[in-house]
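Data block below; observations after.
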Amino acid sequence: MAEERGTVKCPACGMEIEVGSQVAKLYGAVRAAPRATSTYEDKDYYFCSKACKKKFDESPEKFIKQK
């Protein structure tokens, strides 16, 4: 998986996650670094915690907005 940069939202809780930045790993950062990832239908999803990843993995359709 190639390293991406930017801000994404955890699909399970909506927390902003800074992807590809060491700054986000510092304590007190406004945004968090991703704690876990999942791939669903060939797309990578980033999560703020393992608990959010678990919720997503149990029922991804519930968290993905249908287009």
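Residue numbers start at 1 in each chain; chains themselves are named A, B, ... in the order of the structure tokens; ligands are numbered from 1 in the order shown.
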
Self-check item: Selection near A:Asp57, 12 Å with only C-alpha atoms, sequence-local residues under 6 positions removed, as a VMD selection string
Solution: chain A and resid 11 to 12 36 to 40 45 to 47 50 to 51 63 to 64

| field | Who sits within 7 Å of A:Met15, only C-alpha atoms, same chain under 4 positions skipped, as a list of chain:residue names | value | A:Lys9, A:Cys10, A:Cys48

- request: Could you give me, as a list in words, the residues within 6 Å of A:Thr7, counting only C-alpha atoms and dropping anything in the same chain fewer than 3 positions from it?
  value: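 Near neighbours after the sequence-gap exclusion: Ile17, Glu18 and Val19 of chain A.
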
Exercise for the section: Take atom CA of A:Val8 and atom CA of A:Lys65 and report the distance between them in Å, one decimal. Expected result: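 Atom CA of A:Lys65 lies 14.6 Å from atom CA of A:Val8.
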